[in-house]
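Here's the structure, in structure tokens; my notes come after.
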Amino acid sequence: MDIKFSPEDNQFREQVREWLHANRPAEPHPPMADLPACRDYDLAWQRHLYDAGWAGIAWPVEYGGLGLSLTRQLIWYQEYARADMPPAGTESVCFVNLAHAGPTLIYNGTEEQKSFHLPKILKGEVVWCQGFSEPGAGSDLAGLKTRAVIDGDHLVVNGQKVWTSRADVSDYQELLVRTSTEGAKHKGITWVICDMKAPGVTVRPITNMSGSAEFCEVFYDDVRIPISNVVGGINNGWRTAMSTLAFERGTAFISDQVQLDVEIDTLIELARSTTMSDGRRAIAHDDIAMRLRDLRAECDAVRAMTFVDVSRNMVQDLPGPEGSMTRVFFSKLSQRVGQLLMDILEGEGLQRLGRHHQAIERYLYRYAATIGAGTEQIQRSIIAERILGLPKSR
Amino acid sequence: MNLLPTEEQQEIIAVIRAFLANEVSVRRYQDNANRGAPYSDPLWQQLVALGWFGIGVAEEAGGMGLSMAEEVLIAREAGRQLVSPTVLGTSFAAHLAAEAGNTAVAQALISGAARAALAVASEVQLVSGRVSASLTVFDGLGADYVVVVDRHQCLLIAAGDLDPRCRESCTDEALAMELARVTTASPVAGSASAASRQRFVLFIAAALAGIAEAARDDAASYARERHQFGQAIGSFQAIAHLCADMAVSAEAAWAQCVYAALELVEGYGSAPAAVASAAVISEKAALGNARDNVQVHGGVGFTVEFDAHYFVKRAHVYRQLMSQAVDTLGTLIPRH
């Protein structure tokens, strides 16, 4: 057990810090609600990172990555979070590309798929979205019904997906379709790359509770997708999807987790500087101070759990179920950090467009954290079954 | 950076875990004779042979020269089997004696010739190097010293200086408890160093993390075996998800203990906060999981015929010992 970073890691950290300091964009990030503007901004920023040699830190060199360790990726996120940079993690339009579409292709894709898509992702040329959930298949993902019929060298897709973040500004989609209705339902699924500009794809945005319309429904009407876009083989999509989810639950949220460490520090500072309606500083209230104590300790624990997860994932290609423990702990905690923010702000927290609007939006957005990537309840079932060895509980 | 145990550390864990499971498992408390009784000399010597009491003490002081990392690993194992607090007390006392340059006492503790019990203190007064206090001593029968750690100092007091001392029954009936008074006694060793107090807090936090893990495992094992409605109760989400939450709590507690131990080893400026966080997370995990374990067991969990109640009670003992040694609020959220 060792908490020290190697001299090379520390040198890397220094380089990252210096570069970030010198390259903070002058132009502010557009509001989250303006998705097309976010797309342009985030992709230009990703391109900038690529040109400067910071894209795909832990990705293989042959596909344009730097081929460095997950520890280096962690260092990048830590420095990034402290440097007040454009959104990373779930708040960036590049999230799906970088956090699980790319890793899924690296793990399962054909050489052709990898050499076509991975450089585009790293260069900030494309946005990916996820087409897993359906109106009738949420937690019961294997119950999905969007149908794909083989027609020559194409799949012809009909059906509907939902909760697809940023579908209307996406180029490609991780799409799960049903290619067989025989046998066990998870054995008739195929994971395929869908071109979002293909004829027959219709997107309808849905406004979420934090006020942005990044969520979408996606409708497929005789959409033709080349079979060469299938990742992991026809009817083998459940396996591929499980690897996507392993990345999503195992490593995708490291950036958000590291960001929370900064958020709690900001909240403690806010509690010091905010005078509440009774004329006392927020931090002078014992109940608020105790809640801050608990949150500070729990944010420390998230950092420690993240380090443990990174340590585990240094020696395995695919993240194991342990990441679900960090996910459950982090996602509930992130909501409670926001709740305390609201209590400290009192009436100001209810002013939607006031000076704390970004923090309030972020708080509201965190209600997705216990739903996305598998609900908190699904994650608990994973922990119970795969870590504690309990029987299936459904 | 790698927070996973090395192969050598995994070996230490495996040996200690197997030894404790065979020799001093929680089940031993089912025998009334084992409650509050000091460990036999042969058993104590086996712990000595494992290197237990000097594992983190410098080699020149007669220890093994390993670090706080190894010490939290074994404190966690001690927590899992609800080992007598005197085992932790003796490890910590060896550090105090060695740091004070009292090699004779350090050697006696490391070699098993002397034992040190843990105590909660109140009304501690230290005047011209002499200590007076009221003590609540745990498993102190046969101990040669008593360790007291409060928010200002760590003290090692000779058991002979305890007068009067009278036996009281402890809420944790697995322990012997005495109320005692020490009056203007010269401590055998003392330390005002914050690092020593943090070491103590982390010992206890790691033991609490161990309790959280043991309670999780006890609950999961029962949930796999116990059948109701024709199936294992672990197949019901109400039970399975409770067990999953226990796993999350235990993971958080242990991860933070390791993180804090390694920061202490490196002497980072953030180590005091990391230790305080470990204290906060571990005590919640231990008591929370101990409660949930009783709940998963249902009626039998409420009886003394199962072990579940011991985890609850020991968690309270350790919380008392830990909270007198650290101001978590003041450390994590300084207000002045």
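In the structure tokens, chains take the letters A, B, ... in the order shown, each chain's residues start at 1, and ligands count up from 1 in the order shown.
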
Each residue of chain A lying at most 9 Å from chain B should get a row with its shortest atom-to-atom pair and the distance in Å to one decimal, counting only C-alpha atoms; could you produce that, ordered by chain and increasing number, as a Markdown table?
| residue | atom | partner | partner_atom | distance |
| --- | --- | --- | --- | --- |
| A:Met1 | CA | B:Leu3 | CA | 4.6 |
| A:Asp2 | CA | B:Asn2 | CA | 5.2 |
| A:Ile3 | CA | B:Met1 | CA | 4.7 |
| A:Lys4 | CA | B:Met1 | CA | 5.2 |
| A:Phe5 | CA | B:Met1 | CA | 5.0 |
| A:Ser6 | CA | B:Met1 | CA | 7.3 |
| A:Thr71 | CA | B:Met1 | CA | 7.4 |
| A:Ile268 | CA | B:Ile333 | CA | 7.8 |
| A:Arg272 | CA | B:Arg335 | CA | 8.3 |
| A:Ile283 | CA | B:Arg335 | CA | 7.2 |
| A:Ala284 | CA | B:Arg335 | CA | 7.4 |
| A:Ala289 | CA | B:Ile333 | CA | 6.9 |
| A:Met290 | CA | B:Leu329 | CA | 6.7 |
| A:Leu292 | CA | B:Ile333 | CA | 7.1 |
| A:Arg293 | CA | B:Leu329 | CA | 5.8 |
| A:Asp294 | CA | B:Val280 | CA | 7.0 |
| A:Arg296 | CA | B:Leu332 | CA | 7.0 |
| A:Ala297 | CA | B:Ser277 | CA | 4.3 |
| A:Glu298 | CA | B:Ile281 | CA | 6.8 |
| A:Cys299 | CA | B:Ser277 | CA | 9.0 |
| A:Asp300 | CA | B:Ser277 | CA | 6.7 |
| A:Ala301 | CA | B:Gln256 | CA | 5.1 |
| A:Val302 | CA | B:Ala252 | CA | 7.2 |
| A:Arg303 | CA | B:Gln256 | CA | 8.3 |
| A:Ala304 | CA | B:Ala255 | CA | 5.3 |
| A:Met305 | CA | B:Ala255 | CA | 5.5 |
| A:Thr306 | CA | B:Ala255 | CA | 8.9 |
| A:Phe307 | CA | B:Leu3 | CA | 6.7 |
| A:Val308 | CA | B:Leu3 | CA | 5.4 |
| A:Asp309 | CA | B:Leu3 | CA | 8.8 |
| A:Val310 | CA | B:Asn2 | CA | 8.0 |
| A:Ser311 | CA | B:Asn2 | CA | 5.0 |
| A:Arg312 | CA | B:Leu4 | CA | 7.3 |
| A:Met314 | CA | B:Asn2 | CA | 8.8 |
| A:Ser324 | CA | B:Val248 | CA | 8.6 |
| A:Met325 | CA | B:Val248 | CA | 5.0 |
| A:Thr326 | CA | B:Val248 | CA | 7.2 |
| A:Val328 | CA | B:Val248 | CA | 7.4 |
| A:Phe329 | CA | B:Val248 | CA | 6.6 |
| A:Gln377 | CA | B:His241 | CA | 7.4 |
| A:Gln379 | CA | B:Ala244 | CA | 8.7 |
| A:Arg380 | CA | B:Ala244 | CA | 5.3 |
| A:Ser381 | CA | B:His241 | CA | 6.5 |
| A:Ile382 | CA | B:Ala244 | CA | 8.4 |
| A:Ile383 | CA | B:Ala244 | CA | 5.5 |
| A:Ala384 | CA | B:Ala244 | CA | 5.1 |
| A:Glu385 | CA | B:Ala240 | CA | 8.2 |
| A:Ile387 | CA | B:Ala247 | CA | 8.4 |
| A:Leu388 | CA | B:Ala220 | CA | 6.3 |
| A:Gly389 | CA | B:Ala220 | CA | 7.8 |
| A:Leu390 | CA | B:Gly234 | CA | 5.6 |
| A:Pro391 | CA | B:Ser235 | CA | 5.1 |
| A:Lys392 | CA | B:Ser235 | CA | 5.6 |
| A:Ser393 | CA | B:Ser235 | CA | 4.2 |
| A:Arg394 | CA | B:Ser235 | CA | 7.3 |

Alpha helix (DSSP H) residues, from DSSP on the backbone, in range 124-319 of chain A, as a JSON list (two decimals) with N, CA and C atoms, in the first residue's frame:
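The resulting file, part-v7.json, is shown below:
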[["chain", "number", "residue", "atom", "x", "y", "z"],
["A", 237, "GLY", "N", -24.67, -8.92, -27.90],
["A", 237, "GLY", "CA", -24.63, -7.53, -27.44],
["A", 237, "GLY", "C", -24.73, -7.37, -25.93],
["A", 238, "TRP", "N", -25.31, -8.36, -25.26],
["A", 238, "TRP", "CA", -25.44, -8.24, -23.80],
["A", 238, "TRP", "C", -24.05, -8.19, -23.16],
["A", 239, "ARG", "N", -23.17, -9.05, -23.68],
["A", 239, "ARG", "CA", -21.79, -9.06, -23.18],
["A", 239, "ARG", "C", -21.12, -7.72, -23.41],
["A", 240, "THR", "N", -21.30, -7.20, -24.64],
["A", 240, "THR", "CA", -20.69, -5.91, -24.97],
["A", 240, "THR", "C", -21.27, -4.81, -24.07],
["A", 241, "ALA", "N", -22.61, -4.88, -23.88],
["A", 241, "ALA", "CA", -23.26, -3.86, -23.04],
["A", 241, "ALA", "C", -22.77, -3.94, -21.60],
["A", 242, "MET", "N", -22.53, -5.16, -21.14],
["A", 242, "MET", "CA", -22.03, -5.30, -19.77],
["A", 242, "MET", "C", -20.65, -4.66, -19.63],
["A", 243, "SER", "N", -19.85, -4.71, -20.69],
["A", 243, "SER", "CA", -18.54, -4.05, -20.61],
["A", 243, "SER", "C", -18.73, -2.53, -20.63],
["A", 244, "THR", "N", -19.68, -2.05, -21.46],
["A", 244, "THR", "CA", -19.99, -0.61, -21.46],
["A", 244, "THR", "C", -20.38, -0.16, -20.05],
["A", 245, "LEU", "N", -21.26, -0.95, -19.42],
["A", 245, "LEU", "CA", -21.73, -0.59, -18.08],
["A", 245, "LEU", "C", -20.61, -0.74, -17.05],
["A", 246, "ALA", "N", -19.71, -1.70, -17.28],
["A", 246, "ALA", "CA", -18.59, -1.85, -16.36],
["A", 246, "ALA", "C", -17.73, -0.59, -16.38],
["A", 247, "PHE", "N", -17.49, -0.07, -17.58],
["A", 247, "PHE", "CA", -16.73, 1.19, -17.67],
["A", 247, "PHE", "C", -17.53, 2.34, -17.09],
["A", 248, "GLU", "N", -18.84, 2.35, -17.41],
["A", 248, "GLU", "CA", -19.68, 3.45, -16.93],
["A", 248, "GLU", "C", -19.74, 3.47, -15.41],
["A", 249, "ARG", "N", -19.87, 2.28, -14.80],
["A", 249, "ARG", "CA", -19.98, 2.23, -13.34],
["A", 249, "ARG", "C", -18.62, 2.20, -12.66],
["A", 250, "GLY", "N", -17.60, 1.79, -13.41],
["A", 250, "GLY", "CA", -16.30, 1.57, -12.78],
["A", 250, "GLY", "C", -15.36, 2.76, -12.85],
["A", 254, "ILE", "N", -14.98, 8.97, -12.30],
["A", 254, "ILE", "CA", -13.82, 9.41, -11.53],
["A", 254, "ILE", "C", -13.74, 10.94, -11.54],
["A", 255, "SER", "N", -13.98, 11.52, -12.72],
["A", 255, "SER", "CA", -13.91, 12.96, -12.85],
["A", 255, "SER", "C", -14.92, 13.66, -11.93],
["A", 256, "ASP", "N", -16.17, 13.17, -11.93],
["A", 256, "ASP", "CA", -17.19, 13.76, -11.06],
["A", 256, "ASP", "C", -16.83, 13.58, -9.59],
["A", 257, "GLN", "N", -16.27, 12.40, -9.27],
["A", 257, "GLN", "CA", -15.92, 12.12, -7.87],
["A", 257, "GLN", "C", -14.83, 13.06, -7.38],
["A", 258, "VAL", "N", -13.85, 13.28, -8.24],
["A", 258, "VAL", "CA", -12.77, 14.19, -7.89],
["A", 258, "VAL", "C", -13.28, 15.62, -7.78],
["A", 259, "GLN", "N", -14.23, 15.97, -8.65],
["A", 259, "GLN", "CA", -14.84, 17.30, -8.65],
["A", 259, "GLN", "C", -15.56, 17.58, -7.32],
["A", 260, "LEU", "N", -16.16, 16.53, -6.75],
["A", 260, "LEU", "CA", -16.92, 16.70, -5.50],
["A", 260, "LEU", "C", -16.02, 17.20, -4.37],
["A", 261, "ASP", "N", -14.76, 16.80, -4.41],
["A", 261, "ASP", "CA", -13.79, 17.22, -3.41],
["A", 261, "ASP", "C", -13.64, 18.74, -3.43],
["A", 262, "VAL", "N", -13.70, 19.31, -4.62],
["A", 262, "VAL", "CA", -13.60, 20.76, -4.76],
["A", 262, "VAL", "C", -14.91, 21.40, -4.29],
["A", 263, "GLU", "N", -16.02, 20.75, -4.64],
["A", 263, "GLU", "CA", -17.33, 21.31, -4.29],
["A", 263, "GLU", "C", -17.50, 21.42, -2.78],
["A", 264, "ILE", "N", -17.05, 20.43, -2.03],
["A", 264, "ILE", "CA", -17.25, 20.50, -0.58],
["A", 264, "ILE", "C", -16.38, 21.61, 0.02],
["A", 265, "ASP", "N", -15.18, 21.80, -0.53],
["A", 265, "ASP", "CA", -14.35, 22.92, -0.06],
["A", 265, "ASP", "C", -15.04, 24.25, -0.34],
["A", 266, "THR", "N", -15.63, 24.35, -1.53],
["A", 266, "THR", "CA", -16.34, 25.58, -1.89],
["A", 266, "THR", "C", -17.52, 25.81, -0.95],
["A", 267, "LEU", "N", -18.20, 24.71, -0.61],
["A", 267, "LEU", "CA", -19.36, 24.82, 0.28],
["A", 267, "LEU", "C", -18.94, 25.27, 1.68],
["A", 268, "ILE", "N", -17.81, 24.74, 2.17],
["A", 268, "ILE", "CA", -17.33, 25.14, 3.50],
["A", 268, "ILE", "C", -16.98, 26.63, 3.48],
["A", 269, "GLU", "N", -16.35, 27.08, 2.41],
["A", 269, "GLU", "CA", -16.02, 28.50, 2.29],
["A", 269, "GLU", "C", -17.30, 29.35, 2.24],
["A", 270, "LEU", "N", -18.30, 28.83, 1.52],
["A", 270, "LEU", "CA", -19.57, 29.55, 1.44],
["A", 270, "LEU", "C", -20.20, 29.66, 2.84],
["A", 271, "ALA", "N", -20.09, 28.58, 3.61],
["A", 271, "ALA", "CA", -20.66, 28.59, 4.97],
["A", 271, "ALA", "C", -19.94, 29.59, 5.86],
["A", 272, "ARG", "N", -18.66, 29.82, 5.58],
["A", 272, "ARG", "CA", -17.90, 30.82, 6.35],
["A", 272, "ARG", "C", -18.31, 32.24, 5.98],
["A", 273, "SER", "N", -18.61, 32.44, 4.70],
["A", 273, "SER", "CA", -18.83, 33.81, 4.23],
["A", 273, "SER", "C", -20.31, 34.22, 4.21],
["A", 286, "ASP", "N", -24.35, 25.16, 14.85],
["A", 286, "ASP", "CA", -23.78, 23.85, 15.16],
["A", 286, "ASP", "C", -24.31, 22.76, 14.23],
["A", 287, "ASP", "N", -25.60, 22.85, 13.89],
["A", 287, "ASP", "CA", -26.15, 21.79, 13.04],
["A", 287, "ASP", "C", -25.52, 21.85, 11.65],
["A", 288, "ILE", "N", -25.31, 23.03, 11.14],
["A", 288, "ILE", "CA", -24.67, 23.15, 9.82],
["A", 288, "ILE", "C", -23.22, 22.70, 9.89],
["A", 289, "ALA", "N", -22.54, 23.08, 10.97],
["A", 289, "ALA", "CA", -21.13, 22.68, 11.12],
["A", 289, "ALA", "C", -21.02, 21.15, 11.18],
["A", 290, "MET", "N", -21.94, 20.50, 11.89],
["A", 290, "MET", "CA", -21.89, 19.04, 11.98],
["A", 290, "MET", "C", -22.18, 18.39, 10.63],
["A", 291, "ARG", "N", -23.12, 18.97, 9.90],
["A", 291, "ARG", "CA", -23.40, 18.41, 8.57],
["A", 291, "ARG", "C", -22.19, 18.59, 7.66],
["A", 292, "LEU", "N", -21.53, 19.74, 7.78],
["A", 292, "LEU", "CA", -20.32, 19.96, 6.97],
["A", 292, "LEU", "C", -19.23, 18.96, 7.35],
["A", 293, "ARG", "N", -19.12, 18.70, 8.66],
["A", 293, "ARG", "CA", -18.12, 17.73, 9.12],
["A", 293, "ARG", "C", -18.35, 16.38, 8.46],
["A", 294, "ASP", "N", -19.61, 15.93, 8.53],
["A", 294, "ASP", "CA", -19.92, 14.61, 7.96],
["A", 294, "ASP", "C", -19.68, 14.58, 6.45],
["A", 295, "LEU", "N", -20.09, 15.65, 5.77],
["A", 295, "LEU", "CA", -19.91, 15.68, 4.31],
["A", 295, "LEU", "C", -18.42, 15.73, 3.95],
["A", 296, "ARG", "N", -17.66, 16.52, 4.73],
["A", 296, "ARG", "CA", -16.22, 16.61, 4.46],
["A", 296, "ARG", "C", -15.59, 15.21, 4.61],
["A", 297, "ALA", "N", -15.96, 14.52, 5.69],
["A", 297, "ALA", "CA", -15.41, 13.17, 5.93],
["A", 297, "ALA", "C", -15.83, 12.22, 4.81],
["A", 298, "GLU", "N", -17.09, 12.33, 4.38],
["A", 298, "GLU", "CA", -17.58, 11.41, 3.34],
["A", 298, "GLU", "C", -16.94, 11.73, 1.99],
["A", 299, "CYS", "N", -16.68, 13.01, 1.72],
["A", 299, "CYS", "CA", -15.98, 13.34, 0.48],
["A", 299, "CYS", "C", -14.56, 12.81, 0.52],
["A", 300, "ASP", "N", -13.94, 12.86, 1.70],
["A", 300, "ASP", "CA", -12.61, 12.23, 1.84],
["A", 300, "ASP", "C", -12.71, 10.75, 1.51],
["A", 301, "ALA", "N", -13.77, 10.12, 2.01],
["A", 301, "ALA", "CA", -13.92, 8.68, 1.77],
["A", 301, "ALA", "C", -14.13, 8.39, 0.28],
["A", 302, "VAL", "N", -14.85, 9.28, -0.41],
["A", 302, "VAL", "CA", -15.01, 9.09, -1.87],
["A", 302, "VAL", "C", -13.65, 9.13, -2.56],
["A", 303, "ARG", "N", -12.81, 10.06, -2.13],
["A", 303, "ARG", "CA", -11.47, 10.14, -2.71],
["A", 303, "ARG", "C", -10.71, 8.84, -2.43],
["A", 304, "ALA", "N", -10.77, 8.38, -1.19],
["A", 304, "ALA", "CA", -10.06, 7.14, -0.85],
["A", 304, "ALA", "C", -10.61, 5.97, -1.67],
["A", 305, "MET", "N", -11.95, 5.90, -1.80],
["A", 305, "MET", "CA", -12.56, 4.81, -2.58],
["A", 305, "MET", "C", -12.15, 4.90, -4.05],
["A", 306, "THR", "N", -12.06, 6.13, -4.54],
["A", 306, "THR", "CA", -11.63, 6.32, -5.93],
["A", 306, "THR", "C", -10.20, 5.83, -6.12],
["A", 307, "PHE", "N", -9.34, 6.15, -5.17],
["A", 307, "PHE", "CA", -7.96, 5.67, -5.23],
["A", 307, "PHE", "C", -7.93, 4.13, -5.21],
["A", 308, "VAL", "N", -8.78, 3.55, -4.36],
["A", 308, "VAL", "CA", -8.82, 2.08, -4.28],
["A", 308, "VAL", "C", -9.30, 1.51, -5.62],
["A", 309, "ASP", "N", -10.34, 2.14, -6.20],
["A", 309, "ASP", "CA", -10.84, 1.66, -7.50],
["A", 309, "ASP", "C", -9.77, 1.78, -8.58],
["A", 310, "VAL", "N", -9.08, 2.90, -8.60],
["A", 310, "VAL", "CA", -8.01, 3.07, -9.60],
["A", 310, "VAL", "C", -6.93, 2.00, -9.38],
["A", 311, "SER", "N", -6.61, 1.75, -8.11],
["A", 311, "SER", "CA", -5.61, 0.71, -7.82],
["A", 311, "SER", "C", -6.07, -0.65, -8.36],
["A", 312, "ARG", "N", -7.34, -0.96, -8.17],
["A", 312, "ARG", "CA", -7.87, -2.23, -8.68],
["A", 312, "ARG", "C", -7.82, -2.27, -10.20],
["A", 313, "ASN", "N", -8.19, -1.15, -10.81],
["A", 313, "ASN", "CA", -8.32, -1.15, -12.27],
["A", 313, "ASN", "C", -6.98, -1.03, -12.99]]

Subject >> Exercise: Leu50 in chain B partners within 12 Å, only C-alpha atoms, chain neighbours under 6 positions left out, as an MDAnalysis selection string >> reply: chainID B and resid 11:20 43:44 63:64 74 110:112

Subject >> Polymer residues at most 8 Å from Val326 in chain B, only C-alpha atoms, same-chain spacing of 6 or more positions, as a PyMOL selection string >> reply: chain B and resi 150-151+197-198+201+276

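Going from CA of Asn229 in chain A over to CA of Val192 in chain A, you cover 5.5 Å.
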
Original post:
Which parts of range 158-206 of chain A does DSSP call strand (DSSP E or B) when run on the backbone here, written out as a ChimeraX atom specification?
Top reply: /A:158-162,172-178,189-195,201-206

Store the residues picked out above, limited to C-alpha atoms, as a PDB file, in the first residue's frame.
ATOM      1  CA  ASN A 158     -37.524  -0.047 -35.689  1.00  0.00           C
ATOM      2  CA  GLY A 159     -38.423   1.051 -32.191  1.00  0.00           C
ATOM      3  CA  GLN A 160     -37.730   3.639 -29.532  1.00  0.00           C
ATOM      4  CA  LYS A 161     -35.087   4.581 -26.970  1.00  0.00           C
ATOM      5  CA  VAL A 162     -35.362   7.003 -24.080  1.00  0.00           C
ATOM      6  CA  TYR A 172     -23.117   8.295 -33.128  1.00  0.00           C
ATOM      7  CA  GLN A 173     -24.957   6.148 -30.653  1.00  0.00           C
ATOM      8  CA  GLU A 174     -24.214   3.044 -28.618  1.00  0.00           C
ATOM      9  CA  LEU A 175     -27.409   1.279 -29.642  1.00  0.00           C
ATOM     10  CA  LEU A 176     -28.809  -1.933 -28.195  1.00  0.00           C
ATOM     11  CA  VAL A 177     -31.295  -3.726 -30.431  1.00  0.00           C
ATOM     12  CA  ARG A 178     -33.163  -7.015 -30.325  1.00  0.00           C
ATOM     13  CA  ILE A 189     -29.430  -8.501 -28.126  1.00  0.00           C
ATOM     14  CA  THR A 190     -26.934  -6.779 -30.420  1.00  0.00           C
ATOM     15  CA  TRP A 191     -24.743  -3.746 -29.656  1.00  0.00           C
ATOM     16  CA  VAL A 192     -24.408  -1.623 -32.767  1.00  0.00           C
ATOM     17  CA  ILE A 193     -23.021   1.779 -33.712  1.00  0.00           C
ATOM     18  CA  CYS A 194     -25.887   3.895 -35.017  1.00  0.00           C
ATOM     19  CA  ASP A 195     -25.230   6.933 -37.191  1.00  0.00           C
ATOM     20  CA  VAL A 201     -33.831   8.573 -36.821  1.00  0.00           C
ATOM     21  CA  THR A 202     -36.051  11.124 -35.052  1.00  0.00           C
ATOM     22  CA  VAL A 203     -35.116  12.835 -31.801  1.00  0.00           C
ATOM     23  CA  ARG A 204     -37.486  14.475 -29.335  1.00  0.00           C
ATOM     24  CA  PRO A 205     -35.816  16.333 -26.436  1.00  0.00           C
ATOM     25  CA  ILE A 206     -37.277  16.094 -22.912  1.00  0.00           C
TER      26      ILE A 206
END

Original post:
Do you know which residues are at most 8 Å from Leu88 in chain B counting only C-alpha atoms, after dropping those on the same chain fewer than 6 positions away, and could you put them as a PyMOL selection string?
Top reply: chain B and resi 75+78+118+203

I want to know what sits within 9 Å of Leu126 in chain B, based on only C-alpha atoms, with residues of the same chain fewer than 6 positions away left out; could you give that as a CSV table (one decimal) with C-alpha atoms, in the first residue's frame?
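Saved to result.csv:
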chain,number,residue,atom,x,y,z
B,132,SER,CA,-4.7,12.4,38.3
B,133,ALA,CA,-7.8,11.1,36.7
B,184,THR,CA,-0.7,12.3,41.3

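By only C-alpha atoms, and with residues fewer than 2 positions from Ser115 in chain A along its chain excluded, the set lying at most 10 Å from it is Glu62, Tyr63, Gly64, Leu105, Ile106, Gly109, Thr110, Glu111, Glu112, Gln113, His117, Leu118, Pro119 and Lys120 of chain A.
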
Original post:
CA of Val188 in chain B and CA of Val72 in chain B are how many Å apart?
Top reply: 25.1 Å

**OP:** Identify which of the residues A:Val126, A:Met276, A:Met342, A:Met209 lies closest to Tyr365 in chain A, counting only C-alpha atoms when measuring atom-to-atom distances.
**Re:** A:Met209

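Taking CA of Thr90 in chain B as the reference point, CA of Cys170 in chain B is found at 20.7 Å.
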